[in-house]
$ cat work06.txt   # compact mmCIF, C-alpha atoms
# COMPACT_ATOMS: atom_id res chain seq x y z
CA MET A 1 46.66 -71.20 -16.75
CA ILE A 2 48.86 -70.76 -19.86
CA SER A 3 51.85 -73.09 -19.77
CA ARG A 4 52.65 -73.69 -23.48
CA ILE A 5 53.24 -70.91 -26.01
CA ALA A 6 54.37 -71.12 -29.64
CA ILE A 7 56.05 -68.15 -31.30
CA LEU A 8 55.95 -68.42 -35.08
CA GLY A 9 58.51 -65.94 -36.38
CA THR A 10 61.55 -65.31 -34.19
CA GLY A 11 62.77 -61.99 -35.52
CA LEU A 12 62.89 -58.81 -33.49
CA LEU A 13 59.32 -58.92 -32.16
CA GLY A 14 58.97 -62.68 -31.73
CA THR A 15 62.27 -63.04 -29.88
CA SER A 16 61.48 -59.96 -27.79
CA VAL A 17 58.14 -61.53 -26.81
CA GLY A 18 59.95 -64.66 -25.62
CA LEU A 19 62.57 -62.69 -23.70
CA ALA A 20 59.93 -60.43 -22.14
CA LEU A 21 57.83 -63.43 -21.08
CA ARG A 22 60.82 -64.96 -19.34
CA ALA A 23 61.73 -61.67 -17.69
CA SER A 24 58.13 -61.34 -16.48
CA GLY A 25 58.13 -64.72 -14.79
CA PHE A 26 56.62 -67.07 -17.37
CA GLN A 27 57.81 -70.55 -16.43
CA GLY A 28 56.21 -72.68 -19.15
CA GLU A 29 57.33 -73.93 -22.54
CA ILE A 30 58.03 -71.48 -25.37
CA LYS A 31 58.36 -73.25 -28.70
CA GLY A 32 59.76 -71.26 -31.59
CA TRP A 33 59.76 -71.53 -35.36
CA ASN A 34 61.27 -69.32 -38.02
CA ARG A 35 61.48 -69.63 -41.78
CA THR A 36 65.26 -69.38 -41.32
CA LEU A 37 65.96 -71.91 -38.57
CA ASP A 38 69.28 -70.24 -37.70
CA GLU A 39 67.27 -67.28 -36.40
CA ALA A 40 65.16 -69.55 -34.22
CA HIS A 41 68.27 -71.21 -32.80
CA ARG A 42 69.75 -67.78 -32.12
CA ALA A 43 66.57 -66.86 -30.22
CA MET A 44 66.87 -70.05 -28.16
CA ARG A 45 70.52 -69.33 -27.33
CA MET A 46 69.42 -65.88 -26.14
CA GLY A 47 66.94 -67.51 -23.76
CA ALA A 48 63.73 -66.59 -25.57
CA LEU A 49 62.72 -70.19 -26.39
CA THR A 50 62.80 -73.59 -24.75
CA SER A 51 62.82 -75.45 -28.07
CA VAL A 52 63.01 -74.88 -31.82
CA GLU A 53 60.45 -76.59 -34.03
CA GLU A 54 60.89 -77.33 -37.74
CA ASP A 55 57.14 -77.65 -38.37
CA PRO A 56 55.12 -74.53 -37.41
CA ALA A 57 51.83 -76.43 -37.45
CA GLU A 58 53.13 -79.00 -34.95
CA ALA A 59 54.44 -76.23 -32.71
CA ALA A 60 51.03 -74.55 -32.82
CA LYS A 61 49.07 -77.74 -32.13
CA ALA A 62 51.19 -78.43 -29.03
CA SER A 63 50.54 -74.99 -27.53
CA GLU A 64 47.70 -73.18 -25.80
CA VAL A 65 48.68 -69.77 -27.22
CA VAL A 66 50.14 -69.21 -30.69
CA VAL A 67 51.77 -65.84 -31.35
CA LEU A 68 52.18 -64.98 -35.04
CA CYS A 69 55.19 -62.69 -35.43
CA VAL A 70 55.53 -62.77 -39.22
CA PRO A 71 54.70 -60.29 -42.02
CA ILE A 72 51.02 -59.64 -42.63
CA TYR A 73 50.49 -61.85 -45.68
CA ALA A 74 52.27 -64.69 -43.88
CA THR A 75 50.01 -64.06 -40.89
CA LEU A 76 46.94 -64.39 -43.11
CA ASP A 77 48.34 -67.63 -44.57
CA PHE A 78 48.98 -69.05 -41.10
CA MET A 79 45.50 -68.04 -39.98
CA ALA A 80 43.97 -70.04 -42.83
CA GLN A 81 46.23 -73.05 -42.18
CA LEU A 82 45.72 -73.17 -38.42
CA ALA A 83 41.98 -72.52 -38.29
CA GLY A 84 41.21 -76.09 -39.35
CA THR A 85 43.84 -77.82 -37.20
CA LEU A 86 43.59 -76.09 -33.80
CA THR A 87 40.86 -76.66 -31.23
CA PRO A 88 38.40 -74.31 -29.49
CA GLU A 89 40.66 -74.62 -26.42
CA GLN A 90 43.47 -72.70 -28.13
CA VAL A 91 44.03 -69.03 -28.98
CA VAL A 92 46.00 -67.45 -31.80
CA THR A 93 47.17 -63.83 -31.65
CA ASP A 94 49.43 -61.69 -33.82
CA VAL A 95 51.59 -58.57 -33.81
CA GLY A 96 50.77 -57.25 -37.30
CA SER A 97 50.97 -53.55 -38.07
CA THR A 98 47.70 -53.43 -40.02
CA LYS A 99 44.52 -54.97 -38.70
CA ARG A 100 41.57 -54.71 -41.10
CA LEU A 101 42.35 -57.81 -43.18
CA ILE A 102 43.44 -59.77 -40.12
CA ALA A 103 40.25 -58.87 -38.22
CA GLU A 104 38.14 -59.86 -41.25
CA SER A 105 39.95 -63.19 -41.48
CA ALA A 106 39.48 -63.77 -37.75
CA ALA A 107 35.74 -63.15 -38.06
CA ARG A 108 35.53 -65.61 -40.94
CA LEU A 109 37.74 -68.42 -39.60
CA TYR A 110 37.83 -68.13 -35.80
CA ASN A 111 35.96 -67.05 -32.68
CA THR A 112 33.00 -69.44 -32.48
CA PRO A 113 32.33 -72.07 -29.80
CA THR A 114 33.59 -74.81 -32.16
CA ARG A 115 36.67 -73.00 -33.52
CA PRO A 116 39.88 -71.64 -32.02
CA ALA A 117 39.95 -68.11 -30.66
CA PHE A 118 41.82 -65.30 -32.40
CA LEU A 119 42.90 -62.04 -30.77
CA PRO A 120 44.24 -59.42 -33.25
CA GLY A 121 47.08 -57.45 -31.66
CA HIS A 122 49.70 -54.85 -32.49
CA PRO A 123 52.44 -53.74 -30.08
CA MET A 124 53.52 -50.19 -30.89
CA ALA A 125 57.16 -51.08 -30.37
CA GLY A 126 60.04 -51.96 -32.61
CA LYS A 127 63.35 -50.89 -34.06
CA GLU A 128 64.53 -49.83 -37.48
CA ARG A 129 66.48 -53.08 -37.80
CA GLY A 130 65.03 -56.55 -37.46
CA GLY A 131 66.32 -59.96 -36.48
CA ALA A 132 66.63 -61.94 -33.27
CA SER A 133 69.95 -60.29 -32.46
CA GLN A 134 68.13 -56.95 -32.05
CA ALA A 135 65.60 -58.37 -29.55
CA ASP A 136 65.15 -56.81 -26.13
CA ALA A 137 63.25 -58.07 -23.08
CA ASP A 138 62.27 -54.44 -22.32
CA LEU A 139 61.05 -53.63 -25.84
CA PHE A 140 57.39 -53.46 -24.78
CA ARG A 141 57.90 -51.74 -21.44
CA GLY A 142 55.99 -48.46 -21.52
CA ALA A 143 54.67 -49.15 -25.02
CA VAL A 144 51.03 -49.40 -26.04
CA TRP A 145 49.83 -52.83 -27.18
CA LEU A 146 46.76 -52.40 -29.34
CA PHE A 147 44.01 -54.97 -29.70
CA THR A 148 41.29 -54.84 -32.33
CA ASP A 149 39.13 -57.60 -30.93
CA ASP A 150 35.54 -58.17 -32.05
CA PRO A 151 33.22 -57.52 -29.07
CA ALA A 152 30.68 -59.88 -30.67
CA ALA A 153 33.08 -62.86 -30.76
CA ARG A 154 31.43 -66.03 -29.41
CA ARG A 155 34.38 -68.10 -28.23
CA SER A 156 34.44 -71.31 -26.25
CA ALA A 157 34.73 -70.83 -22.49
CA LYS A 158 38.38 -71.96 -22.60
CA GLY A 159 39.16 -69.73 -25.59
CA ALA A 160 37.68 -66.70 -23.82
CA GLU A 161 39.68 -67.55 -20.70
CA LEU A 162 42.94 -67.78 -22.67
CA VAL A 163 42.26 -64.45 -24.40
CA LEU A 164 41.85 -62.74 -21.02
CA GLU A 165 44.96 -64.40 -19.66
CA TRP A 166 47.06 -63.40 -22.68
CA ARG A 167 45.95 -59.81 -22.23
CA GLN A 168 47.17 -60.05 -18.63
CA TRP A 169 50.53 -61.34 -19.81
CA VAL A 170 50.81 -58.41 -22.21
CA ARG A 171 50.39 -56.08 -19.23
CA ALA A 172 53.00 -58.11 -17.34
CA LEU A 173 55.45 -57.39 -20.18
CA GLY A 174 55.14 -53.73 -19.21
CA ALA A 175 52.80 -52.69 -22.02
CA ARG A 176 49.65 -50.61 -21.75
CA VAL A 177 46.64 -52.21 -23.43
CA LEU A 178 44.35 -50.16 -25.68
CA ASP A 179 41.37 -51.47 -27.66
CA LEU A 180 40.51 -50.02 -31.08
CA ASN A 181 38.20 -50.76 -33.97
CA PRO A 182 40.37 -52.29 -36.76
CA ILE A 183 39.40 -49.64 -39.32
CA ARG A 184 40.19 -46.86 -36.86
CA HIS A 185 43.45 -48.62 -36.02
CA ASP A 186 44.59 -48.65 -39.64
CA GLU A 187 43.65 -45.00 -40.13
CA LEU A 188 45.58 -43.90 -37.03
CA VAL A 189 48.72 -45.93 -37.63
CA ALA A 190 48.85 -44.63 -41.20
CA TRP A 191 49.42 -41.18 -39.68
CA VAL A 192 51.56 -41.95 -36.63
CA SER A 193 53.63 -44.91 -37.82
CA HIS A 194 53.47 -45.54 -41.55
CA LEU A 195 53.78 -41.89 -42.64
CA PRO A 196 56.89 -41.23 -40.50
CA GLN A 197 58.52 -44.36 -41.92
CA LEU A 198 57.85 -43.36 -45.52
CA VAL A 199 59.01 -39.79 -44.87
CA ALA A 200 62.27 -41.12 -43.45
CA THR A 201 62.63 -43.52 -46.37
CA ALA A 202 62.01 -40.79 -48.95
CA LEU A 203 64.33 -38.33 -47.21
CA SER A 204 67.11 -40.90 -46.84
CA ALA A 205 66.79 -41.97 -50.48
CA LEU A 206 66.82 -38.32 -51.61
CA LEU A 207 69.89 -37.52 -49.52
CA GLU A 208 71.67 -40.59 -50.86
CA GLU A 209 70.96 -39.34 -54.37
CA GLU A 210 71.83 -35.67 -53.79
CA VAL A 211 74.68 -35.65 -51.25
CA GLY A 212 75.43 -39.29 -50.48
CA THR A 213 78.94 -39.06 -51.96
CA ALA A 214 79.82 -35.69 -50.40
CA PRO A 215 83.03 -36.13 -48.35
CA GLU A 216 81.84 -33.49 -45.84
CA LEU A 217 78.55 -35.28 -45.09
CA LYS A 218 79.69 -36.97 -41.89
CA ASP A 219 81.02 -33.67 -40.56
CA VAL A 220 78.08 -31.50 -41.59
CA GLY A 221 75.25 -33.95 -40.81
CA GLY A 222 74.37 -33.60 -37.14
CA ARG A 223 71.68 -34.78 -34.76
CA ALA A 224 68.81 -33.57 -36.94
CA LEU A 225 70.05 -35.68 -39.83
CA ARG A 226 70.52 -38.76 -37.63
CA GLU A 227 67.08 -38.45 -36.04
CA MET A 228 65.24 -37.75 -39.28
CA THR A 229 66.87 -40.61 -41.19
CA ARG A 230 67.07 -43.29 -38.48
CA LEU A 231 64.03 -45.09 -39.87
CA GLY A 232 65.62 -45.02 -43.29
CA ALA A 233 67.48 -48.16 -42.21
CA SER A 234 64.23 -50.15 -42.10
CA PRO A 235 64.13 -53.01 -44.62
CA TYR A 236 61.64 -53.19 -47.47
CA SER A 237 60.77 -56.75 -46.46
CA MET A 238 59.33 -55.38 -43.22
CA TRP A 239 57.23 -52.68 -44.87
CA ARG A 240 56.01 -54.17 -48.15
CA ASP A 241 53.00 -55.92 -46.59
CA ILE A 242 52.10 -52.81 -44.59
CA ALA A 243 52.03 -50.68 -47.74
CA HIS A 244 50.00 -53.32 -49.59
CA THR A 245 47.40 -53.84 -46.82
CA ASN A 246 46.90 -50.24 -45.71
CA THR A 247 47.28 -48.51 -49.06
CA GLU A 248 44.36 -46.07 -49.02
CA PRO A 249 44.96 -44.59 -45.52
CA ILE A 250 48.66 -44.24 -46.32
CA GLU A 251 47.87 -42.58 -49.66
CA ARG A 252 45.64 -40.06 -47.89
CA ALA A 253 48.35 -39.27 -45.35
CA LEU A 254 51.01 -38.88 -48.03
CA HIS A 255 48.75 -36.65 -50.13
CA ALA A 256 48.08 -34.40 -47.13
CA LEU A 257 51.82 -34.17 -46.45
CA GLU A 258 52.52 -33.32 -50.08
CA GLN A 259 50.05 -30.43 -49.80
CA ARG A 260 51.62 -29.29 -46.53
CA LEU A 261 55.10 -29.32 -48.01
CA ALA A 262 53.87 -27.33 -51.00
CA HIS A 263 52.33 -24.80 -48.57
CA LEU A 264 55.69 -24.48 -46.79
CA ARG A 265 57.55 -24.07 -50.06
CA GLU A 266 55.18 -21.31 -51.15
CA ASN A 267 55.43 -19.45 -47.82
CA LEU A 268 59.11 -19.49 -46.96
CA ARG A 269 59.06 -15.66 -46.93
CA THR A 270 55.59 -15.00 -45.51
CA PRO A 271 54.13 -14.89 -41.96
CA ALA A 272 52.39 -18.19 -42.71
CA LEU A 273 55.69 -19.94 -41.98
CA ARG A 274 55.49 -18.79 -38.35
CA GLY A 275 52.03 -20.29 -38.14
CA GLU A 276 53.36 -23.66 -39.22
CA PHE A 277 56.06 -23.56 -36.55
CA ASP A 278 53.52 -22.48 -33.91
CA GLN A 279 51.22 -25.36 -34.80
CA ALA A 280 54.11 -27.84 -34.81
CA ASN A 281 55.23 -26.59 -31.40
CA ARG A 282 51.71 -27.05 -29.99
CA PHE A 283 51.63 -30.64 -31.22
CA ARG A 284 54.95 -31.40 -29.52
CA ARG A 285 53.87 -29.71 -26.26
CA ASP A 286 50.61 -31.63 -26.17
$ encode --input "work06.txt" --output "structure tokens"
Amino acid sequence: MISRIAILGTGLLGTSVGLALRASGFQGEIKGWNRTLDEAHRAMRMGALTSVEEDPAEAAKASEVVVLCVPIYATLDFMAQLAGTLTPEQVVTDVGSTKRLIAESAARLYNTPTRPAFLPGHPMAGKERGGASQADADLFRGAVWLFTDDPAARRSAKGAELVLEWRQWVRALGARVLDLNPIRHDELVAWVSHLPQLVATALSALLEEEVGTAPELKDVGGRALREMTRLGASPYSMWRDIAHTNTEPIERALHALEQRLAHLRENLRTPALRGEFDQANRFRRD
């Protein structure tokens, strides 16, 4: 039974994991580490952690489950560091937004009877702003938590047991579990997560350039503007690694959108415009 968890990275997702575990009845230790220790101490004051650790490796070694809640390249670095120091009776999981490189690293470094287990994960939950102060115990309630586990993984008996138990805890947080192939995962999230973010970023940047100084903007800009630009508040630090590790699927999605926008521009006065609205309405209904 899991009684010791380490959360490496106590921003929005990491702190929310700790808060959600507590709200779901987890009674064990939750150790936390963050590159900026003030954030980890803030997470502890909020009740997400039982202790703050200055050394992430020591926090990991003292825990049965290690949850990596850091950007993707940092996740890959931690995976390499921890693979040689943890035991087959421990499991590492993550919350990264792209999964191909992480799944490949897991296959290379983890998931044998003599190595620790690794369970690649991705909760489809978040906010446009990060940080422990934005954390919410209900962040994962009703959300989908994706796993891109390798069905051929040959873990130790204890590692396999911990993987199953962590999946149960994810359900206890209120999330719905869905398993995907990592390549399919990255293709899908490029369309449903990464493209909307980049559209909002581009639109917000364009509006800042074109009408950002207009004194009437606050009066004229209504709900549509707020909804379409909400994600424009997302920080580059959160999205750089996503763009770098899922470049080709994102490029394909952006190229398709560019073509669609050109089609709209060319058909503003033709019946084809109605067809676009009809198709958009069907997507929303479904």
$ closest_atom_pairs --input "work06.txt" --of "segment 209-234 of chain A" --to "segment 121-141 of chain A" --cutoff "6 Å" --atoms "all atoms listed in the file" --output "tab-separated table"
residue	atom	partner	partner_atom	distance
A:Leu231	CA	A:Glu128	CA	5.3
A:Ala233	CA	A:Glu128	CA	5.8
A:Ser234	CA	A:Glu128	CA	4.6
$ residues_near_point --input "work06.txt" --point "(48.8, -76.8, -28.1)" --cutoff "10 Å" --atoms "all atoms listed in the file" --output "compact mmCIF listing (two decimals) with C-alpha atoms, in the coordinates of the input"
# COMPACT_ATOMS: atom_id res chain seq x y z
CA SER A 3 51.85 -73.09 -19.77
CA ARG A 4 52.65 -73.69 -23.48
CA ILE A 5 53.24 -70.91 -26.01
CA ALA A 6 54.37 -71.12 -29.64
CA ALA A 57 51.83 -76.43 -37.45
CA GLU A 58 53.13 -79.00 -34.95
CA ALA A 59 54.44 -76.23 -32.71
CA ALA A 60 51.03 -74.55 -32.82
CA LYS A 61 49.07 -77.74 -32.13
CA ALA A 62 51.19 -78.43 -29.03
CA SER A 63 50.54 -74.99 -27.53
CA GLU A 64 47.70 -73.18 -25.80
CA VAL A 65 48.68 -69.77 -27.22
CA VAL A 66 50.14 -69.21 -30.69
CA LEU A 86 43.59 -76.09 -33.80
CA THR A 87 40.86 -76.66 -31.23
CA GLU A 89 40.66 -74.62 -26.42
CA GLN A 90 43.47 -72.70 -28.13
CA VAL A 91 44.03 -69.03 -28.98
$ closest_residue --input "work06.txt" --among "A:Val170, A:Ala153, A:Glu53, A:Asn181" --to "Val17 of chain A" --atoms "only C-alpha atoms"
A:Val170
$ atom_distance --input "work06.txt" --atom1 "atom CA of Ala23 of chain A" --atom2 "atom CA of Leu173 of chain A"
8.0 Å
$ residues_near_point --input "work06.txt" --point "(38.5, -69.6, -20.5)" --cutoff "12 Å" --atoms "only C-alpha atoms" --output "PyMOL selection string"
chain A and resi 1-2+64+88-91+113+116-117+154-166
$ write_last_selection --input "work06.txt" --atoms "C-alpha atoms" --output "compact mmCIF listing (two decimals), in the coordinates of the input"
# COMPACT_ATOMS: atom_id res chain seq x y z
CA MET A 1 46.66 -71.20 -16.75
CA ILE A 2 48.86 -70.76 -19.86
CA GLU A 64 47.70 -73.18 -25.80
CA PRO A 88 38.40 -74.31 -29.49
CA GLU A 89 40.66 -74.62 -26.42
CA GLN A 90 43.47 -72.70 -28.13
CA VAL A 91 44.03 -69.03 -28.98
CA PRO A 113 32.33 -72.07 -29.80
CA PRO A 116 39.88 -71.64 -32.02
CA ALA A 117 39.95 -68.11 -30.66
CA ARG A 154 31.43 -66.03 -29.41
CA ARG A 155 34.38 -68.10 -28.23
CA SER A 156 34.44 -71.31 -26.25
CA ALA A 157 34.73 -70.83 -22.49
CA LYS A 158 38.38 -71.96 -22.60
CA GLY A 159 39.16 -69.73 -25.59
CA ALA A 160 37.68 -66.70 -23.82
CA GLU A 161 39.68 -67.55 -20.70
CA LEU A 162 42.94 -67.78 -22.67
CA VAL A 163 42.26 -64.45 -24.40
CA LEU A 164 41.85 -62.74 -21.02
CA GLU A 165 44.96 -64.40 -19.66
CA TRP A 166 47.06 -63.40 -22.68
$ atom_distance --input "work06.txt" --atom1 "atom CA of Ser105 of chain A" --atom2 "atom CA of Leu49 of chain A"
28.2 Å
$ atom_distance --input "work06.txt" --atom1 "atom CA of Pro196 of chain A" --atom2 "atom CA of Glu248 of chain A"
15.9 Å
$ closest_atom_pairs --input "work06.txt" --of "segment 168-267 of chain A" --to "segment 72-78 of chain A" --cutoff "10 Å" --atoms "all atoms listed in the file" --output "Markdown table"
| residue | atom | partner | partner_atom | distance |
| --- | --- | --- | --- | --- |
| A:Met238 | CA | A:Ile72 | CA | 9.4 |
| A:Trp239 | CA | A:Ile72 | CA | 9.6 |
| A:Arg240 | CA | A:Ile72 | CA | 9.2 |
| A:Asp241 | CA | A:Ile72 | CA | 5.8 |
| A:Ile242 | CA | A:Ile72 | CA | 7.2 |
| A:His244 | CA | A:Tyr73 | CA | 9.4 |
| A:Thr245 | CA | A:Ile72 | CA | 8.0 |
$ axis_aligned_box --input "work06.txt" --around "segment 181-186 of chain A" --padding-each-side "8 Å" --output "lines of an AutoDock Vina configuration file"
center_x = 41.4
center_y = -49.6
center_z = -36.8
size_x = 22.4
size_y = 21.4
size_z = 21.7
$ residues_around --input "work06.txt" --residues "Gly84 of chain A" --least-positions-apart "2" --cutoff "10 Å" --atoms "all atoms listed in the file" --output "list in words"
Met79, Ala80, Gln81, Leu82, Leu86, Thr87, Leu109, Tyr110, Arg115 and Pro116 of chain A
$ residues_around --input "work06.txt" --residues "Arg42 of chain A" --least-positions-apart "2" --cutoff "10 Å" --atoms "only C-alpha atoms" --output "list in words"
Thr10, Gly11, Thr15, Leu37, Asp38, Glu39, Ala40, Met44, Arg45, Met46, Gly47, Ala48, Leu49, Val52, Gly131, Ala132 and Ser133 of chain A
$ residues_around --input "work06.txt" --residues "Arg184 of chain A" --least-positions-apart "4" --cutoff "10 Å" --atoms "all atoms listed in the file" --output "tab-separated table (two decimals) with C-alpha atoms, keeping the file's coordinate frame"
chain	number	residue	atom	x	y	z
A	99	LYS	CA	44.52	-54.97	-38.70
A	100	ARG	CA	41.57	-54.71	-41.10
A	148	THR	CA	41.29	-54.84	-32.33
A	180	LEU	CA	40.51	-50.02	-31.08
A	188	LEU	CA	45.58	-43.90	-37.03
A	189	VAL	CA	48.72	-45.93	-37.63
A	190	ALA	CA	48.85	-44.63	-41.20
$ decode --input "work06.txt" --residues "segment 257-277 of chain A" --atoms "N, CA and C atoms" --output "compact mmCIF listing (two decimals), in the first residue's frame"
# COMPACT_ATOMS: atom_id res chain seq x y z
N LEU A 257 -4.63 24.57 -40.25
CA LEU A 257 -5.40 25.75 -39.84
C LEU A 257 -5.13 26.91 -40.78
N GLU A 258 -3.89 27.09 -41.17
CA GLU A 258 -3.56 28.16 -42.13
C GLU A 258 -4.38 27.99 -43.40
N GLN A 259 -4.48 26.76 -43.90
CA GLN A 259 -5.26 26.51 -45.11
C GLN A 259 -6.74 26.79 -44.89
N ARG A 260 -7.23 26.43 -43.69
CA ARG A 260 -8.64 26.66 -43.39
C ARG A 260 -8.95 28.15 -43.30
N LEU A 261 -8.06 28.89 -42.69
CA LEU A 261 -8.26 30.34 -42.59
C LEU A 261 -8.21 30.99 -43.97
N ALA A 262 -7.33 30.51 -44.83
CA ALA A 262 -7.27 31.03 -46.19
C ALA A 262 -8.59 30.74 -46.92
N HIS A 263 -9.14 29.52 -46.70
CA HIS A 263 -10.42 29.16 -47.31
C HIS A 263 -11.52 30.10 -46.83
N LEU A 264 -11.54 30.41 -45.54
CA LEU A 264 -12.54 31.34 -45.01
C LEU A 264 -12.37 32.73 -45.63
N ARG A 265 -11.14 33.19 -45.70
CA ARG A 265 -10.88 34.51 -46.26
C ARG A 265 -11.36 34.61 -47.70
N GLU A 266 -11.16 33.54 -48.45
CA GLU A 266 -11.53 33.54 -49.87
C GLU A 266 -13.03 33.34 -50.09
N ASN A 267 -13.77 32.98 -49.04
CA ASN A 267 -15.20 32.66 -49.22
C ASN A 267 -16.11 33.46 -48.29
N LEU A 268 -15.67 34.64 -47.92
CA LEU A 268 -16.49 35.47 -47.03
C LEU A 268 -17.82 35.85 -47.68
N ARG A 269 -17.88 35.84 -49.01
CA ARG A 269 -19.12 36.23 -49.71
C ARG A 269 -19.70 35.09 -50.53
N THR A 270 -19.36 33.86 -50.21
CA THR A 270 -19.90 32.73 -50.97
C THR A 270 -20.64 31.78 -50.03
N PRO A 271 -21.47 30.87 -50.59
CA PRO A 271 -22.19 29.90 -49.76
C PRO A 271 -21.26 28.96 -48.98
N ALA A 272 -20.00 28.88 -49.39
CA ALA A 272 -19.07 28.01 -48.67
C ALA A 272 -18.91 28.43 -47.20
N LEU A 273 -19.14 29.70 -46.91
CA LEU A 273 -19.03 30.17 -45.53
C LEU A 273 -20.07 29.50 -44.65
N ARG A 274 -21.29 29.32 -45.19
CA ARG A 274 -22.33 28.62 -44.42
C ARG A 274 -21.89 27.20 -44.11
N GLY A 275 -21.25 26.56 -45.07
CA GLY A 275 -20.78 25.20 -44.85
C GLY A 275 -19.79 25.11 -43.70
N GLU A 276 -18.94 26.11 -43.59
CA GLU A 276 -17.97 26.12 -42.48
C GLU A 276 -18.69 26.24 -41.14
N PHE A 277 -19.68 27.12 -41.09
CA PHE A 277 -20.44 27.28 -39.85
C PHE A 277 -21.22 26.01 -39.52
